[in-house]
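Chemist: For reference, this is final-v9.cif, and it has mmCIF, C-alpha atoms.
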```
data_query
loop_
_atom_site.label_atom_id
_atom_site.label_comp_id
_atom_site.auth_asym_id
_atom_site.auth_seq_id
_atom_site.Cartn_x
_atom_site.Cartn_y
_atom_site.Cartn_z
CA MET F 724 72.29 -24.81 -65.48
CA ARG F 725 68.82 -26.28 -65.94
CA ARG F 726 67.17 -27.65 -62.84
CA VAL F 727 64.17 -29.96 -62.80
CA ARG F 728 62.13 -31.58 -60.10
CA PRO F 729 63.13 -35.10 -58.99
CA GLY F 730 61.92 -37.80 -61.36
CA ALA F 731 61.50 -35.45 -64.33
CA SER F 732 63.44 -35.91 -67.53
CA THR F 733 66.37 -33.54 -67.92
CA SER F 734 66.52 -34.00 -71.69
CA ARG F 735 64.87 -31.58 -74.09
CA GLY F 736 64.26 -32.54 -77.67
CA ALA F 737 66.29 -35.72 -77.45
CA ALA F 738 64.99 -38.90 -79.01
CA GLY F 739 62.45 -40.50 -76.74
CA SER F 740 62.01 -37.44 -74.53
CA ARG F 741 58.45 -36.78 -75.72
CA ALA F 742 55.54 -39.14 -75.86
CA THR F 743 54.31 -40.10 -79.31
CA GLY F 744 51.41 -42.05 -80.64
CA PRO F 745 47.98 -42.18 -79.04
CA GLU F 746 49.22 -40.82 -75.70
CA ARG F 747 50.08 -37.47 -77.29
CA ALA F 748 47.93 -36.92 -80.34
CA LEU F 749 47.96 -33.62 -82.20
CA THR F 750 44.78 -31.61 -81.96
CA SER F 751 43.57 -28.43 -83.60
CA VAL F 752 42.40 -25.37 -81.72
CA ALA F 753 39.28 -23.54 -82.78
CA ALA F 754 39.37 -19.77 -83.16
CA GLY F 755 38.67 -18.09 -79.83
CA ASP F 756 39.69 -21.09 -77.72
CA ARG F 757 42.10 -20.29 -74.90
CA TYR F 758 45.36 -22.15 -74.38
CA LYS F 759 45.27 -24.54 -71.42
CA ALA F 760 48.71 -25.30 -70.02
CA ASP F 761 49.71 -28.90 -69.46
CA PRO F 762 50.10 -29.11 -65.65
CA GLU F 763 53.01 -31.55 -66.03
CA LEU F 764 55.15 -29.20 -68.15
CA PRO F 765 57.41 -26.76 -66.30
CA ARG F 766 56.59 -23.05 -66.32
CA LEU F 767 58.68 -19.98 -65.62
CA TRP F 768 58.29 -18.26 -62.25
CA HIS F 769 59.85 -14.95 -61.23
CA VAL F 770 61.35 -15.27 -57.74
CA THR F 771 62.38 -12.50 -55.37
CA LEU F 772 64.15 -13.78 -52.25
CA SER F 773 64.90 -11.34 -49.40
CA VAL F 774 67.33 -12.16 -46.59
CA SER F 775 68.61 -10.21 -43.61
CA GLY F 776 70.57 -10.56 -40.39
CA LYS F 777 73.50 -9.21 -38.40
CA GLU F 778 75.78 -6.78 -40.20
CA ALA F 779 78.56 -8.31 -42.27
CA PRO F 780 81.46 -6.59 -44.04
CA ILE F 781 80.06 -5.14 -47.27
CA GLU F 782 82.90 -6.55 -49.38
CA LYS F 783 82.25 -10.04 -48.00
CA VAL F 784 78.55 -9.74 -48.86
CA ARG F 785 79.36 -8.58 -52.40
CA ARG F 786 81.92 -11.36 -52.97
CA SER F 787 79.59 -14.05 -51.66
CA LEU F 788 76.72 -12.90 -53.90
CA GLU F 789 79.06 -12.75 -56.88
CA GLN F 790 80.18 -16.31 -56.09
CA LEU F 791 76.55 -17.44 -55.85
CA ALA F 792 75.83 -15.82 -59.23
CA HIS F 793 78.92 -17.47 -60.73
CA ASP F 794 77.95 -20.90 -59.35
CA HIS F 795 74.33 -20.49 -60.43
CA PRO F 796 74.01 -18.35 -63.55
CA PHE F 797 70.21 -18.42 -63.36
CA LEU F 798 70.40 -15.44 -60.98
CA LEU F 799 69.31 -12.23 -62.68
CA THR F 800 70.34 -9.67 -60.15
CA SER F 801 71.26 -9.27 -56.50
CA ARG F 802 71.12 -6.13 -54.42
CA TYR F 803 72.84 -5.93 -51.07
CA ALA F 804 73.69 -3.89 -48.00
CA VAL F 805 75.59 -4.75 -44.81
CA ASP F 806 72.54 -6.36 -43.19
CA HIS F 807 70.22 -7.48 -46.00
CA ALA F 808 70.08 -8.62 -49.61
CA GLU F 809 67.57 -9.34 -52.36
CA ILE F 810 68.02 -11.94 -55.08
CA ARG F 811 65.85 -12.00 -58.22
CA TYR F 812 65.80 -14.78 -60.79
CA TRP F 813 63.64 -16.96 -63.03
CA GLU F 814 62.87 -20.50 -61.89
CA GLU F 815 61.56 -23.28 -64.10
CA ALA F 816 59.13 -25.44 -62.14
CA ARG F 817 55.90 -27.39 -62.56
CA ASP F 818 53.96 -25.15 -60.17
CA LEU F 819 54.32 -22.39 -57.59
CA HIS F 820 54.89 -24.89 -54.79
CA ASP F 821 57.95 -26.39 -56.52
CA ALA F 822 59.38 -22.94 -57.37
CA ALA F 823 58.89 -21.71 -53.79
CA ALA F 824 60.45 -24.85 -52.32
CA VAL F 825 63.59 -24.40 -54.43
CA ALA F 826 63.77 -20.70 -53.51
CA LEU F 827 63.44 -21.41 -49.79
CA ARG F 828 66.39 -23.83 -49.96
CA LEU F 829 68.65 -21.58 -52.06
CA TRP F 830 70.25 -19.47 -49.32
CA GLY F 831 70.85 -22.28 -46.84
CA GLU F 832 72.11 -24.81 -49.36
CA HIS F 833 74.69 -22.39 -50.76
CA ARG F 834 75.63 -20.58 -47.57
CA GLN F 835 78.90 -22.46 -47.14
CA SER F 836 79.94 -22.94 -50.79
CA ALA F 837 79.42 -19.25 -51.66
CA GLY F 838 80.43 -17.87 -48.25
CA LEU F 839 77.02 -16.28 -47.71
CA PRO F 840 76.32 -14.51 -44.39
CA PRO F 841 74.29 -16.48 -41.83
CA TRP F 842 71.16 -14.46 -42.57
CA GLU F 843 67.59 -15.70 -42.54
CA ILE F 844 65.00 -15.52 -45.28
CA VAL F 845 62.59 -12.70 -44.46
CA GLY F 846 60.64 -12.49 -47.70
CA LEU F 847 59.71 -14.52 -50.72
CA GLU F 848 57.64 -13.61 -53.76
CA VAL F 849 56.97 -16.11 -56.52
CA ILE F 850 54.82 -15.00 -59.45
CA ASP F 851 54.15 -16.51 -62.84
CA ARG F 852 55.53 -15.00 -66.02
CA ALA F 853 52.21 -13.48 -67.12
CA THR F 854 51.73 -11.71 -63.77
CA TYR F 855 55.30 -10.37 -63.87
CA HIS F 856 54.81 -8.89 -67.34
CA GLN F 857 51.34 -7.57 -66.47
CA ARG F 858 52.77 -5.71 -63.46
CA LEU F 859 55.51 -4.19 -65.61
CA ALA F 860 53.01 -3.11 -68.26
CA GLU F 861 50.84 -1.44 -65.60
CA GLY F 862 53.81 0.29 -63.98
CA TYR F 863 53.69 -1.75 -60.76
CA GLY F 864 56.28 -3.92 -59.15
CA PRO F 865 60.03 -3.74 -59.48
CA PRO F 866 61.52 -2.62 -62.76
CA PRO F 867 63.05 -5.32 -64.95
CA ALA F 868 66.28 -6.73 -63.53
CA SER F 869 68.66 -4.33 -65.15
CA PRO F 870 71.49 -4.01 -64.94
CA VAL F 871 71.98 -7.70 -64.40
CA GLY F 872 74.51 -8.60 -61.74
CA VAL F 873 75.36 -7.84 -58.12
CA HIS F 874 74.81 -4.24 -56.99
CA PRO F 875 74.51 -2.29 -53.73
CA PHE F 876 71.07 -0.98 -52.73
#
```
Can I see the file as structure tokens?

Modeler:
Amino acid sequence: MRRVRPGASTSRGAAGSRATGPERALTSVAAGDRYKADPELPRLWHVTLSVSGKEAPIEKVRRSLEQLAHDHPFLLTSRYAVDHAEIRYWEEARDLHDAAAVALRLWGEHRQSAGLPPWEIVGLEVIDRATYHQRLAEGYGPPPASPVGVHPF
């Protein structure tokens, strides 16, 4: 499932989905020049959402996180216990603000459909792809989401 911000085109590579002509002319890049991202194009953001609350039956927590992962296959991994959980995934968004806004709505918007416990969000980390990979290379931060899926802490 690909999500985009309101008003953005949901088509990729389809006829008419990219500007042509003078609005989007091809340019060359001199050796040594750095790439400058187009602020209107979506980027990938690594999101870690932490929730907690009153204890719930562990099987109910597992089933609800599995349902959330089934409904939204963008989820990489979820870890859970009777009173807290952590969800990690990649979000495609224009900027950090858009990625964080989607992440902050995730738990509440899917609480009923996935049967999620009535927990509150207690932590949110949103980092860009380069920072995520830099942390991994330096040995900091969480290990890559493996194995993918829903697992107990």

Chemist: So which one's closest to F:Gly872, F:Glu809, F:Asp818, F:Glu848, F:Glu843? Using all atoms listed in the file, please.

Modeler: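 When distances to F:Gly872 are compared using all atoms listed in the file, the smallest one comes from F:Glu809.
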
Chemist: Quick one: residues within 12 Å of stretch 795-801 of chain F, only C-alpha atoms counted, chain neighbours fewer than 3 positions away excluded, as number ranges by chain?

Modeler: F: 724-726, 767-774, 784-792, 804, 807-815, 826, 829-830, 833, 836-837, 865-876

Chemist: Might I get the box with edges along x, y and z of the file that holds all atoms of stretch 837-854 of chain F listed there, padded by 4 Å on every side, given as centre and edge lengths in Å to one decimal, as AutoDock Vina command-line options?

Modeler:
```
--center_x 66.1 --center_y -15.5 --center_z -54.5 --size_x 36.7 --size_y 15.5 --size_z 33.3
```

Chemist: When you draw a straight line from atom CA of F:Lys783 to atom CA of F:Val805, how long is it in Å?

Modeler: 9.1 Å

Chemist: Report, in Å with one decimal, the straight-line distance from atom CA of F:Gly776 to atom CA of F:Trp842.

Modeler: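 Pair atom CA of F:Gly776 / atom CA of F:Trp842 returns 4.5 Å.
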
Chemist: Rounded to one decimal place, report the atom CA of F:Ile850-atom CA of F:Leu819 distance in Å.

Modeler: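 Atom CA of F:Leu819 lies 7.6 Å from atom CA of F:Ile850.
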
Chemist: Of the candidates F:Glu778, F:Tyr855, F:Val849, F:Gly838, which shows the shortest atom-to-atom distance to F:Val825, using only C-alpha atoms?

Modeler: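 Using only C-alpha atoms, the shortest distance to F:Val825 belongs to F:Val849.
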
Chemist: Using all atoms listed in the file, can you tell me which of F:Leu764, F:Ala823, F:Ile781, F:Asp806 comes closest to F:Pro841?

Modeler: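 Ranked by minimum distance to F:Pro841, first place goes to F:Asp806.
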